[in-house]
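*Asks:* Handing you a structure now.
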Amino acid sequence: MKDCPRLFADLAGKPPMEADAVRDLEPGQAHYLGTVMRMAPGAEVALFNAGDGEWLASLVAVRRDRAQVRLLHRRRAPEPVCGPVLLFAPLKRDATDMVVRMGTELGVTRFLPVLTERTNTHRVNVGRLEAIAMEAAEQCERLDVPTIGEPARLPEQLAAWPAGSTLFVAAERGGPDDGVGEIDRVADGDGLLVGPEGGFSDAERRMLRARPFVRMITLGKRILRADTAAACGLSLMGAGFRRASGADSR
C-alpha cells in the first residue's frame with residue numbers, strides 16, 4: 001500500500017465512508033496536513049476507524065484549520081477488535097505517556113488507571129492520554145483506537161471486573177502465599193494489572209489473592225520499572241493470545 005499520512009476518522013455522528021463522498025477533517029488534522037506536512041490539494045491521505053476500515057482519500061482543499069478530502073477507495077476492511085485490557089497505576093507524566101503509547105502499539109483495547117496505596121500521582125489527564133493513543137494508533141497502523149477509562153481505586157476496579165475474564169497481576173516480589181505463575185493462554189478481554197513503582201501493599205495483595213479471577217504472574221527474576229513491566233507483560237500476553245489461537249503451532 002502507498003505510504004501516506006493516516007488520520008483517525010471518528011464515527012460519531014457521521015455516515016459510513018463510501019467512494020466519492022467528501023468529508024471534512026478536524027481542525028487539528030487540517031493544521032497538521034497544511035502547516036506541518038505542507039500538503040496541497042491532490043495529495044493523498046488515509047482515513048481509518050474500526051467500523052469503516054481504512055480508506056484512501058485525496059485532499060480537495062486545505063487551509064489553516066479547515067480541510068476536506070474526497071474518499072477514493074477502501075484499502076483495508078474492518079477487522080475484529082480484540083486484545084487485552086491494561087490496568088496500571090498512574091506514573092509521572094512522561095512514563096504514563098509511554099505506557100499508553102507502547103500499550104496501543106501492543107494491542108491494548110482499554111486502559112484503566114488504577115489508584116493504589118503507593119500510586120505516585122492521582123492526577124490523570126484523560127483527554128491527553130486519548131490524544132496519545134490516537135496518535136499511536138495512526139503510527140502503528142491499527143484500525144481502532146483504545147479507550148481510556150477514568151481513574152478509580154483498586155477495590156472499585158476489581159469490583160467492576162467481569163468474572164469471566166482473567167486478570168493477570170504482575171507480582172514484582174511474589175510472596176510465599178501469592179501462588180505466582182506464568183502467562184500461558186490468554187483470551188480476548190483478559191487483563192494485565194501493573195502496580196506502582198513501590199509495588200502493592202500487603203493489604204492489596206490479600207485483596208487480589210481473594211479474587212477468583214486473579215492470577216498472580218512473574219515477569220522474570222529482575223525488578224522492572226513500572227512502564228517496562230507493562231511492556232513486558234503485554235508482550236507475554238500477546239504470545240499467550242497466539243498460543244490460544246494456535247498461531248504458534250507447527
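Naming scheme: A, B, ... for chains in displayed order of the C-alpha cells; residues 1 onward per chain; ligands 1 onward as shown.
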So that I can check the secondary structure, give me every residue of stretch 23-228 of chain A assigned helix (DSSP H, G or I) by backbone DSSP, as a compact mmCIF listing (two decimals) with all heavy atoms, in the first residue's frame.
*Replies:*
# COMPACT_ATOMS: atom_id res chain seq x y z
N PRO A 27 -10.09 20.32 12.77
CA PRO A 27 -9.16 21.45 12.67
C PRO A 27 -7.70 21.07 12.91
O PRO A 27 -6.80 21.53 12.20
CB PRO A 27 -9.68 22.43 13.73
CG PRO A 27 -11.13 22.13 13.82
CD PRO A 27 -11.25 20.65 13.63
N GLY A 28 -7.47 20.22 13.92
CA GLY A 28 -6.10 19.81 14.20
C GLY A 28 -5.49 19.01 13.06
O GLY A 28 -4.29 19.12 12.76
N GLN A 29 -6.31 18.18 12.40
CA GLN A 29 -5.83 17.41 11.26
C GLN A 29 -5.53 18.32 10.08
O GLN A 29 -4.54 18.12 9.37
CB GLN A 29 -6.88 16.36 10.89
CG GLN A 29 -7.10 15.30 11.95
CD GLN A 29 -8.25 14.37 11.64
OE1 GLN A 29 -9.20 14.75 10.94
NE2 GLN A 29 -8.20 13.15 12.15
N ALA A 30 -6.39 19.33 9.87
CA ALA A 30 -6.14 20.29 8.80
C ALA A 30 -4.83 21.04 9.04
O ALA A 30 -4.03 21.25 8.11
CB ALA A 30 -7.31 21.28 8.71
N HIS A 31 -4.60 21.45 10.28
CA HIS A 31 -3.35 22.14 10.60
C HIS A 31 -2.15 21.24 10.34
O HIS A 31 -1.13 21.68 9.78
CB HIS A 31 -3.37 22.59 12.07
CG HIS A 31 -2.06 23.13 12.55
ND1 HIS A 31 -1.64 24.41 12.27
CD2 HIS A 31 -1.07 22.56 13.29
CE1 HIS A 31 -0.45 24.61 12.81
NE2 HIS A 31 -0.08 23.50 13.43
N TYR A 32 -2.26 19.98 10.73
CA TYR A 32 -1.16 19.03 10.55
C TYR A 32 -0.83 18.86 9.07
O TYR A 32 0.33 18.91 8.66
CB TYR A 32 -1.52 17.70 11.18
CG TYR A 32 -0.55 16.59 10.87
CD1 TYR A 32 0.72 16.57 11.42
CD2 TYR A 32 -0.92 15.55 10.01
CE1 TYR A 32 1.62 15.55 11.13
CE2 TYR A 32 -0.03 14.53 9.71
CZ TYR A 32 1.23 14.53 10.27
OH TYR A 32 2.12 13.53 9.97
N LEU A 33 -1.86 18.66 8.24
CA LEU A 33 -1.62 18.41 6.83
C LEU A 33 -1.14 19.66 6.10
O LEU A 33 -0.22 19.59 5.27
CB LEU A 33 -2.90 17.90 6.16
CG LEU A 33 -3.42 16.54 6.63
CD1 LEU A 33 -4.70 16.18 5.87
CD2 LEU A 33 -2.38 15.45 6.42
N GLY A 34 -1.76 20.81 6.41
CA GLY A 34 -1.43 22.02 5.66
C GLY A 34 -0.20 22.75 6.15
O GLY A 34 0.63 23.20 5.36
N THR A 35 -0.06 22.85 7.49
CA THR A 35 1.03 23.65 8.05
C THR A 35 2.26 22.82 8.36
O THR A 35 3.38 23.23 8.07
CB THR A 35 0.55 24.36 9.34
OG1 THR A 35 -0.60 25.16 9.03
CG2 THR A 35 1.64 25.26 9.89
N VAL A 36 2.06 21.64 8.96
CA VAL A 36 3.20 20.81 9.34
C VAL A 36 3.72 20.02 8.14
O VAL A 36 4.92 20.05 7.83
CB VAL A 36 2.82 19.85 10.49
CG1 VAL A 36 4.00 18.96 10.85
CG2 VAL A 36 2.35 20.63 11.70
N ARG A 93 4.31 11.94 34.47
CA ARG A 93 3.68 12.23 33.17
C ARG A 93 4.33 11.49 32.01
O ARG A 93 3.66 10.82 31.23
CB ARG A 93 3.70 13.73 32.93
CG ARG A 93 3.21 14.13 31.55
CD ARG A 93 2.98 15.61 31.46
NE ARG A 93 3.06 16.06 30.08
CZ ARG A 93 2.63 17.23 29.67
NH1 ARG A 93 2.10 18.08 30.54
NH2 ARG A 93 2.73 17.60 28.41
N ASP A 94 5.65 11.62 31.83
CA ASP A 94 6.31 11.00 30.68
C ASP A 94 6.18 9.49 30.70
O ASP A 94 5.98 8.86 29.65
CB ASP A 94 7.79 11.40 30.64
CG ASP A 94 7.99 12.86 30.27
OD1 ASP A 94 7.03 13.50 29.82
OD2 ASP A 94 9.12 13.37 30.43
N ALA A 95 6.28 8.89 31.89
CA ALA A 95 6.17 7.42 31.99
C ALA A 95 4.75 6.96 31.68
O ALA A 95 4.55 5.94 31.02
CB ALA A 95 6.60 6.96 33.38
N THR A 96 3.75 7.70 32.14
CA THR A 96 2.36 7.35 31.82
C THR A 96 2.11 7.47 30.33
O THR A 96 1.46 6.61 29.72
CB THR A 96 1.38 8.26 32.59
OG1 THR A 96 1.53 8.03 33.99
CG2 THR A 96 -0.06 7.97 32.19
N ASP A 97 2.63 8.54 29.72
CA ASP A 97 2.51 8.69 28.26
C ASP A 97 3.11 7.49 27.55
O ASP A 97 2.55 6.97 26.58
CB ASP A 97 3.21 9.97 27.80
CG ASP A 97 2.54 11.24 28.29
OD1 ASP A 97 1.45 11.14 28.89
OD2 ASP A 97 3.11 12.33 28.07
N MET A 98 4.27 7.04 28.02
CA MET A 98 4.94 5.91 27.39
C MET A 98 4.13 4.63 27.53
O MET A 98 4.05 3.83 26.60
CB MET A 98 6.33 5.72 28.01
CG MET A 98 7.14 4.59 27.39
SD MET A 98 7.50 4.87 25.63
CE MET A 98 8.71 6.20 25.79
N VAL A 99 3.51 4.42 28.69
CA VAL A 99 2.68 3.24 28.90
C VAL A 99 1.54 3.21 27.88
O VAL A 99 1.25 2.18 27.27
CB VAL A 99 2.14 3.20 30.34
CG1 VAL A 99 1.02 2.16 30.48
CG2 VAL A 99 3.26 2.87 31.32
N VAL A 100 0.88 4.34 27.68
CA VAL A 100 -0.24 4.40 26.74
C VAL A 100 0.25 4.22 25.31
O VAL A 100 -0.37 3.50 24.51
CB VAL A 100 -1.01 5.72 26.90
CG1 VAL A 100 -2.05 5.89 25.80
CG2 VAL A 100 -1.69 5.77 28.27
N ARG A 101 1.37 4.84 24.98
CA ARG A 101 1.89 4.72 23.61
C ARG A 101 2.30 3.27 23.31
O ARG A 101 1.90 2.71 22.28
CB ARG A 101 3.08 5.66 23.43
CG ARG A 101 3.63 5.72 22.01
CD ARG A 101 4.68 6.80 21.86
NE ARG A 101 4.11 8.13 22.03
CZ ARG A 101 4.34 8.92 23.08
NH1 ARG A 101 5.11 8.52 24.06
NH2 ARG A 101 3.78 10.11 23.15
N MET A 102 3.09 2.68 24.20
CA MET A 102 3.53 1.30 23.98
C MET A 102 2.35 0.33 24.03
O MET A 102 2.28 -0.62 23.26
CB MET A 102 4.59 0.91 25.00
CG MET A 102 5.92 1.61 24.83
SD MET A 102 7.23 0.91 25.89
CE MET A 102 6.50 1.09 27.53
N GLY A 103 1.43 0.56 24.96
CA GLY A 103 0.28 -0.32 25.08
C GLY A 103 -0.58 -0.31 23.83
O GLY A 103 -1.09 -1.35 23.40
N THR A 104 -0.74 0.86 23.23
CA THR A 104 -1.50 0.96 21.98
C THR A 104 -0.82 0.15 20.89
O THR A 104 -1.46 -0.59 20.14
CB THR A 104 -1.64 2.42 21.55
OG1 THR A 104 -2.33 3.16 22.58
CG2 THR A 104 -2.42 2.54 20.25
N GLU A 105 0.50 0.28 20.79
CA GLU A 105 1.24 -0.48 19.78
C GLU A 105 1.16 -1.99 20.02
O GLU A 105 1.21 -2.78 19.07
CB GLU A 105 2.70 -0.04 19.78
CG GLU A 105 2.90 1.41 19.33
CD GLU A 105 4.34 1.87 19.47
OE1 GLU A 105 5.18 1.07 19.93
OE2 GLU A 105 4.63 3.03 19.11
N VAL A 126 -7.13 12.51 31.14
CA VAL A 126 -7.69 11.51 30.23
C VAL A 126 -7.67 12.00 28.79
O VAL A 126 -7.34 11.25 27.86
CB VAL A 126 -9.11 11.13 30.66
CG1 VAL A 126 -9.76 10.20 29.63
CG2 VAL A 126 -9.08 10.43 32.02
N GLY A 127 -8.00 13.28 28.57
CA GLY A 127 -8.01 13.83 27.22
C GLY A 127 -6.64 13.76 26.56
O GLY A 127 -6.52 13.44 25.38
N ARG A 128 -5.60 14.05 27.33
CA ARG A 128 -4.23 13.98 26.80
C ARG A 128 -3.89 12.54 26.43
O ARG A 128 -3.30 12.29 25.37
CB ARG A 128 -3.25 14.53 27.83
CG ARG A 128 -1.79 14.33 27.48
CD ARG A 128 -0.87 14.83 28.59
NE ARG A 128 0.49 14.41 28.36
CZ ARG A 128 1.32 14.99 27.50
NH1 ARG A 128 0.91 16.02 26.78
NH2 ARG A 128 2.55 14.55 27.34
N LEU A 129 -4.24 11.59 27.29
CA LEU A 129 -3.93 10.20 27.01
C LEU A 129 -4.72 9.69 25.80
O LEU A 129 -4.21 8.86 25.03
CB LEU A 129 -4.21 9.34 28.24
CG LEU A 129 -3.36 9.66 29.48
CD1 LEU A 129 -3.68 8.69 30.61
CD2 LEU A 129 -1.87 9.61 29.15
N GLU A 130 -5.95 10.16 25.62
CA GLU A 130 -6.72 9.78 24.43
C GLU A 130 -6.02 10.26 23.16
O GLU A 130 -5.98 9.55 22.15
CB GLU A 130 -8.13 10.36 24.52
CG GLU A 130 -9.01 9.68 25.56
CD GLU A 130 -10.34 10.36 25.72
OE1 GLU A 130 -10.47 11.56 25.38
OE2 GLU A 130 -11.29 9.70 26.21
N ALA A 131 -5.47 11.48 23.22
CA ALA A 131 -4.75 12.01 22.05
C ALA A 131 -3.49 11.20 21.76
O ALA A 131 -3.15 10.94 20.60
CB ALA A 131 -4.40 13.48 22.28
N ILE A 132 -2.80 10.78 22.82
CA ILE A 132 -1.59 9.96 22.64
C ILE A 132 -1.95 8.61 22.04
O ILE A 132 -1.27 8.10 21.14
CB ILE A 132 -0.86 9.79 23.98
CG1 ILE A 132 -0.24 11.13 24.40
CG2 ILE A 132 0.22 8.71 23.89
CD1 ILE A 132 0.33 11.14 25.79
N ALA A 133 -3.04 7.99 22.52
CA ALA A 133 -3.48 6.71 21.99
C ALA A 133 -3.86 6.83 20.52
O ALA A 133 -3.55 5.96 19.70
CB ALA A 133 -4.64 6.17 22.81
N MET A 134 -4.52 7.92 20.15
CA MET A 134 -4.92 8.13 18.76
C MET A 134 -3.69 8.28 17.87
O MET A 134 -3.60 7.68 16.80
CB MET A 134 -5.80 9.37 18.64
CG MET A 134 -6.32 9.63 17.23
SD MET A 134 -7.25 11.18 17.10
CE MET A 134 -8.54 10.89 18.29
N GLU A 135 -2.73 9.07 18.31
CA GLU A 135 -1.50 9.26 17.54
C GLU A 135 -0.75 7.94 17.36
O GLU A 135 -0.24 7.63 16.28
CB GLU A 135 -0.61 10.29 18.23
CG GLU A 135 0.70 10.57 17.51
CD GLU A 135 1.54 11.57 18.26
OE1 GLU A 135 1.18 12.76 18.27
OE2 GLU A 135 2.57 11.17 18.85
N ALA A 136 -0.68 7.15 18.44
CA ALA A 136 0.00 5.85 18.36
C ALA A 136 -0.72 4.91 17.40
O ALA A 136 -0.09 4.16 16.66
CB ALA A 136 0.11 5.23 19.75
N ALA A 137 -2.06 4.93 17.41
CA ALA A 137 -2.82 4.08 16.50
C ALA A 137 -2.58 4.48 15.05
O ALA A 137 -2.48 3.63 14.16
CB ALA A 137 -4.31 4.15 16.83
N GLU A 138 -2.48 5.78 14.80
CA GLU A 138 -2.20 6.26 13.45
C GLU A 138 -0.83 5.77 12.98
O GLU A 138 -0.67 5.37 11.83
CB GLU A 138 -2.26 7.79 13.42
CG GLU A 138 -3.67 8.36 13.60
CD GLU A 138 -3.69 9.87 13.76
OE1 GLU A 138 -2.63 10.47 14.02
OE2 GLU A 138 -4.78 10.45 13.63
N GLN A 139 0.13 5.79 13.88
CA GLN A 139 1.50 5.43 13.50
C GLN A 139 1.70 3.92 13.36
O GLN A 139 2.47 3.47 12.51
CB GLN A 139 2.48 5.99 14.52
CG GLN A 139 2.56 7.51 14.51
CD GLN A 139 3.46 8.05 15.60
OE1 GLN A 139 3.85 7.34 16.52
NE2 GLN A 139 3.80 9.34 15.51
N CYS A 140 1.01 3.12 14.19
CA CYS A 140 1.26 1.67 14.17
C CYS A 140 0.32 0.91 13.24
O CYS A 140 0.36 -0.32 13.19
CB CYS A 140 1.21 1.10 15.58
SG CYS A 140 -0.44 0.94 16.28
N LEU A 154 -8.34 0.78 43.43
CA LEU A 154 -8.21 -0.65 43.16
C LEU A 154 -9.45 -1.44 43.54
O LEU A 154 -9.92 -2.26 42.74
CB LEU A 154 -6.96 -1.19 43.86
CG LEU A 154 -6.69 -2.69 43.69
CD1 LEU A 154 -6.52 -3.05 42.21
CD2 LEU A 154 -5.44 -3.11 44.48
N PRO A 155 -10.04 -1.26 44.72
CA PRO A 155 -11.24 -2.05 45.05
C PRO A 155 -12.38 -1.83 44.06
O PRO A 155 -13.12 -2.77 43.74
CB PRO A 155 -11.61 -1.55 46.45
CG PRO A 155 -10.33 -1.03 47.03
CD PRO A 155 -9.61 -0.41 45.87
N GLU A 156 -12.52 -0.60 43.56
CA GLU A 156 -13.58 -0.31 42.60
C GLU A 156 -13.33 -1.00 41.27
O GLU A 156 -14.25 -1.54 40.64
CB GLU A 156 -13.70 1.21 42.40
CG GLU A 156 -14.08 1.96 43.68
CD GLU A 156 -13.92 3.47 43.52
OE1 GLU A 156 -13.60 3.93 42.39
OE2 GLU A 156 -14.09 4.19 44.51
N GLN A 157 -12.06 -0.97 40.81
CA GLN A 157 -11.74 -1.63 39.55
C GLN A 157 -11.96 -3.14 39.66
O GLN A 157 -12.46 -3.78 38.72
CB GLN A 157 -10.28 -1.34 39.16
CG GLN A 157 -9.97 0.13 38.88
CD GLN A 157 -10.50 0.61 37.53
OE1 GLN A 157 -11.45 0.06 36.99
NE2 GLN A 157 -9.88 1.64 36.99
N LEU A 158 -11.60 -3.72 40.80
CA LEU A 158 -11.79 -5.16 40.98
C LEU A 158 -13.27 -5.52 41.03
O LEU A 158 -13.70 -6.54 40.49
CB LEU A 158 -11.09 -5.63 42.25
CG LEU A 158 -9.56 -5.56 42.25
CD1 LEU A 158 -9.01 -5.99 43.60
CD2 LEU A 158 -8.97 -6.40 41.13
N ALA A 159 -14.06 -4.66 41.68
CA ALA A 159 -15.50 -4.93 41.78
C ALA A 159 -16.17 -4.88 40.41
O ALA A 159 -17.17 -5.58 40.18
CB ALA A 159 -16.15 -3.92 42.72
N ALA A 160 -15.64 -4.07 39.50
CA ALA A 160 -16.24 -3.92 38.18
C ALA A 160 -15.69 -4.91 37.16
O ALA A 160 -16.17 -4.96 36.02
CB ALA A 160 -16.02 -2.50 37.67
N ASP A 202 0.71 -5.00 51.37
CA ASP A 202 0.29 -6.33 51.83
C ASP A 202 -1.22 -6.48 51.78
O ASP A 202 -1.75 -7.53 51.40
CB ASP A 202 0.81 -6.59 53.24
CG ASP A 202 2.32 -6.75 53.29
OD1 ASP A 202 2.92 -7.03 52.24
OD2 ASP A 202 2.90 -6.58 54.39
N ALA A 203 -1.93 -5.42 52.17
CA ALA A 203 -3.40 -5.48 52.15
C ALA A 203 -3.91 -5.62 50.73
O ALA A 203 -4.89 -6.36 50.48
CB ALA A 203 -3.97 -4.22 52.80
N GLU A 204 -3.29 -4.94 49.79
CA GLU A 204 -3.71 -5.05 48.40
C GLU A 204 -3.42 -6.44 47.84
O GLU A 204 -4.21 -6.98 47.07
CB GLU A 204 -3.01 -3.98 47.57
CG GLU A 204 -3.55 -2.57 47.84
CD GLU A 204 -2.72 -1.48 47.20
OE1 GLU A 204 -1.51 -1.72 46.93
OE2 GLU A 204 -3.26 -0.39 46.97
N ARG A 205 -2.31 -7.03 48.24
CA ARG A 205 -2.02 -8.40 47.81
C ARG A 205 -3.08 -9.37 48.31
O ARG A 205 -3.52 -10.26 47.57
CB ARG A 205 -0.64 -8.83 48.32
CG ARG A 205 0.53 -8.22 47.55
CD ARG A 205 1.85 -8.75 48.11
NE ARG A 205 2.95 -8.23 47.34
CZ ARG A 205 3.39 -8.73 46.19
NH1 ARG A 205 2.78 -9.80 45.68
NH2 ARG A 205 4.40 -8.21 45.55
N ARG A 206 -3.49 -9.20 49.57
CA ARG A 206 -4.53 -10.08 50.11
C ARG A 206 -5.84 -9.88 49.35
O ARG A 206 -6.56 -10.85 49.07
CB ARG A 206 -4.71 -9.81 51.60
CG ARG A 206 -3.54 -10.29 52.47
CD ARG A 206 -3.91 -10.27 53.94
NE ARG A 206 -4.16 -8.91 54.43
CZ ARG A 206 -3.22 -8.11 54.93
NH1 ARG A 206 -1.95 -8.54 55.01
NH2 ARG A 206 -3.52 -6.92 55.36
N MET A 207 -6.14 -8.62 49.03
CA MET A 207 -7.36 -8.32 48.28
C MET A 207 -7.33 -8.98 46.91
O MET A 207 -8.33 -9.55 46.45
CB MET A 207 -7.48 -6.79 48.11
CG MET A 207 -8.74 -6.33 47.41
SD MET A 207 -8.64 -4.57 46.94
CE MET A 207 -8.02 -3.83 48.46
N LEU A 208 -6.17 -8.93 46.25
CA LEU A 208 -6.05 -9.53 44.93
C LEU A 208 -6.15 -11.05 44.99
O LEU A 208 -6.84 -11.68 44.17
CB LEU A 208 -4.72 -9.11 44.29
CG LEU A 208 -4.62 -7.64 43.88
CD1 LEU A 208 -3.18 -7.24 43.59
CD2 LEU A 208 -5.49 -7.38 42.65
N ARG A 209 -5.47 -11.66 45.95
CA ARG A 209 -5.48 -13.12 46.05
C ARG A 209 -6.88 -13.66 46.35
O ARG A 209 -7.19 -14.81 46.02
CB ARG A 209 -4.51 -13.59 47.14
CG ARG A 209 -3.04 -13.38 46.81
CD ARG A 209 -2.17 -14.25 47.70
NE ARG A 209 -2.40 -14.00 49.12
CZ ARG A 209 -1.70 -13.13 49.85
NH1 ARG A 209 -0.72 -12.43 49.29
NH2 ARG A 209 -1.97 -12.96 51.13
N ALA A 226 7.93 0.30 36.37
CA ALA A 226 6.52 0.03 36.10
C ALA A 226 6.20 0.11 34.61
O ALA A 226 5.43 -0.72 34.09
CB ALA A 226 5.64 1.00 36.88
N ASP A 227 6.77 1.08 33.88
CA ASP A 227 6.49 1.18 32.45
C ASP A 227 7.11 0.02 31.69
O ASP A 227 6.51 -0.51 30.74
CB ASP A 227 6.93 2.53 31.88
CG ASP A 227 8.36 2.89 32.25
OD1 ASP A 227 8.96 2.22 33.11
OD2 ASP A 227 8.89 3.87 31.69
N THR A 228 8.30 -0.42 32.12
CA THR A 228 8.92 -1.59 31.50
C THR A 228 8.10 -2.84 31.78
O THR A 228 7.92 -3.70 30.91
CB THR A 228 10.36 -1.78 32.01
OG1 THR A 228 11.10 -0.58 31.81
CG2 THR A 228 11.05 -2.93 31.30
*Asks:* Quick check for you: according to DSSP on this backbone, which residues of stretch 10-192 of chain A are classed as strand (DSSP E)? Reply as JSON, numbers by chain.
*Replies:* {"A": [22, 23, 24, 44, 45, 46, 47, 48, 49, 53, 54, 55, 56, 57, 58, 59, 60, 61, 62, 67, 68, 69, 70, 71, 72, 73, 74, 75, 76, 85, 86, 87, 88, 110, 111, 112, 113, 114, 115, 147, 148, 152, 153, 167, 168, 169, 170, 191, 192]}
*Asks:* Since we have the selection now, will you write its residues out, keeping C-alpha atoms, as a short mmCIF file (atom, residue, chain, number, x, y, z; two decimals), in the first residue's frame?
*Replies:*
data_model
loop_
_atom_site.label_atom_id
_atom_site.label_comp_id
_atom_site.auth_asym_id
_atom_site.auth_seq_id
_atom_site.Cartn_x
_atom_site.Cartn_y
_atom_site.Cartn_z
CA VAL A 22 -16.49 14.41 0.62
CA ARG A 23 -15.55 14.58 4.28
CA ASP A 24 -14.45 17.46 6.50
CA GLU A 44 -3.34 11.50 -0.69
CA VAL A 45 -4.12 10.64 2.93
CA ALA A 46 -5.67 7.61 4.63
CA LEU A 47 -8.67 7.78 6.97
CA PHE A 48 -9.48 4.91 9.31
CA ASN A 49 -11.68 3.69 12.12
CA GLY A 53 -11.72 0.16 7.91
CA GLU A 54 -9.11 2.25 6.12
CA TRP A 55 -9.88 4.43 3.11
CA LEU A 56 -7.57 6.22 0.70
CA ALA A 57 -8.62 9.82 0.16
CA SER A 58 -7.47 12.86 -1.81
CA LEU A 59 -7.22 16.37 -0.41
CA VAL A 60 -9.79 18.65 -2.01
CA ALA A 61 -8.99 21.81 -0.06
CA VAL A 62 -6.76 22.66 2.87
CA ALA A 67 -9.64 20.74 5.14
CA GLN A 68 -11.77 18.48 3.01
CA VAL A 69 -10.98 15.15 1.40
CA ARG A 70 -12.70 13.03 -1.23
CA LEU A 71 -12.82 9.31 -0.46
CA LEU A 72 -11.32 7.18 -3.24
CA HIS A 73 -11.50 3.52 -2.24
CA ARG A 74 -11.24 1.26 0.79
CA ARG A 75 -7.86 -0.38 1.10
CA ARG A 76 -8.41 -2.30 4.37
CA VAL A 85 -7.14 -4.60 28.95
CA LEU A 86 -4.32 -2.81 30.81
CA LEU A 87 -4.88 -1.68 34.39
CA PHE A 88 -1.98 0.46 35.58
CA ARG A 110 -8.77 -0.37 27.01
CA PHE A 111 -6.61 1.44 29.56
CA LEU A 112 -7.86 1.65 33.16
CA PRO A 113 -5.86 3.89 35.52
CA VAL A 114 -5.83 2.31 39.00
CA LEU A 115 -5.23 4.26 42.21
CA THR A 147 -10.31 3.82 25.15
CA ILE A 148 -9.03 5.47 28.33
CA ALA A 152 -10.61 4.54 40.05
CA ARG A 153 -9.32 2.97 43.23
CA LEU A 167 -6.84 -10.57 35.41
CA PHE A 168 -3.11 -11.29 35.38
CA VAL A 169 -1.30 -9.34 38.11
CA ALA A 170 2.40 -8.60 37.76
CA GLY A 191 -6.34 -8.03 31.51
CA LEU A 192 -2.97 -7.16 32.97
#
*Asks:* By how many Å are atom CA of A:Thr109 and atom CA of A:Ala229 apart?
*Replies:*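 Those two atoms sit 17.8 Å apart.
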*Asks:* Which of these residues is nearest to A:Met37, using only C-alpha atoms: A:Pro212, A:Pro5, A:Gly164, A:Gly51?
*Replies:*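 Between A:Pro212, A:Pro5, A:Gly164, A:Gly51, the residue approaching A:Met37 most closely is A:Pro5.
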*Asks:* Mind pulling up the distance from atom CA of A:Ala230 to atom CA of A:Gly198?
*Replies:*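 The value is 14.6 Å.
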*Asks:* For A:Gly199, which residue out of A:Arg215, A:Arg123, A:Arg118, A:Lys221 is the nearest one, using only C-alpha atoms?
*Replies:* A:Arg118
*Asks:* Within 12 Å of A:Glu182, counting only C-alpha atoms, which residues show up once you throw out same-chain ones fewer than 3 positions away? Write them as a list of chain:residue names, please.
*Replies:*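 Listing them by chain and then by number gives A:Phe168, A:Val169, A:Ala170, A:Ala171, A:Gly174, A:Gly179, A:Arg185, A:Val186, A:Arg215, A:Met216, A:Ile217, A:Thr218, A:Leu219, A:Gly220, A:Gly233, A:Leu236, A:Met237, A:Ala239, A:Gly240.
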*Asks:* Given the choices A:Met39, A:Pro80, A:Ala163, A:Asp52, which gets closest to A:Pro16 if the distance is worked out from only C-alpha atoms?
*Replies:* A:Asp52
*Asks:* One decimal, in Å: what's the spacing between atom CA of A:Gly42 and atom CA of A:Pro78?
*Replies:* 25.8 Å
*Asks:* Rank A:Ile223, A:Ala21, A:Val214, A:Ala50 by their smallest atom-to-atom distance to A:Gly181, using only C-alpha atoms, and report the top residue only.
*Replies:*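 Closest candidate: A:Val214.
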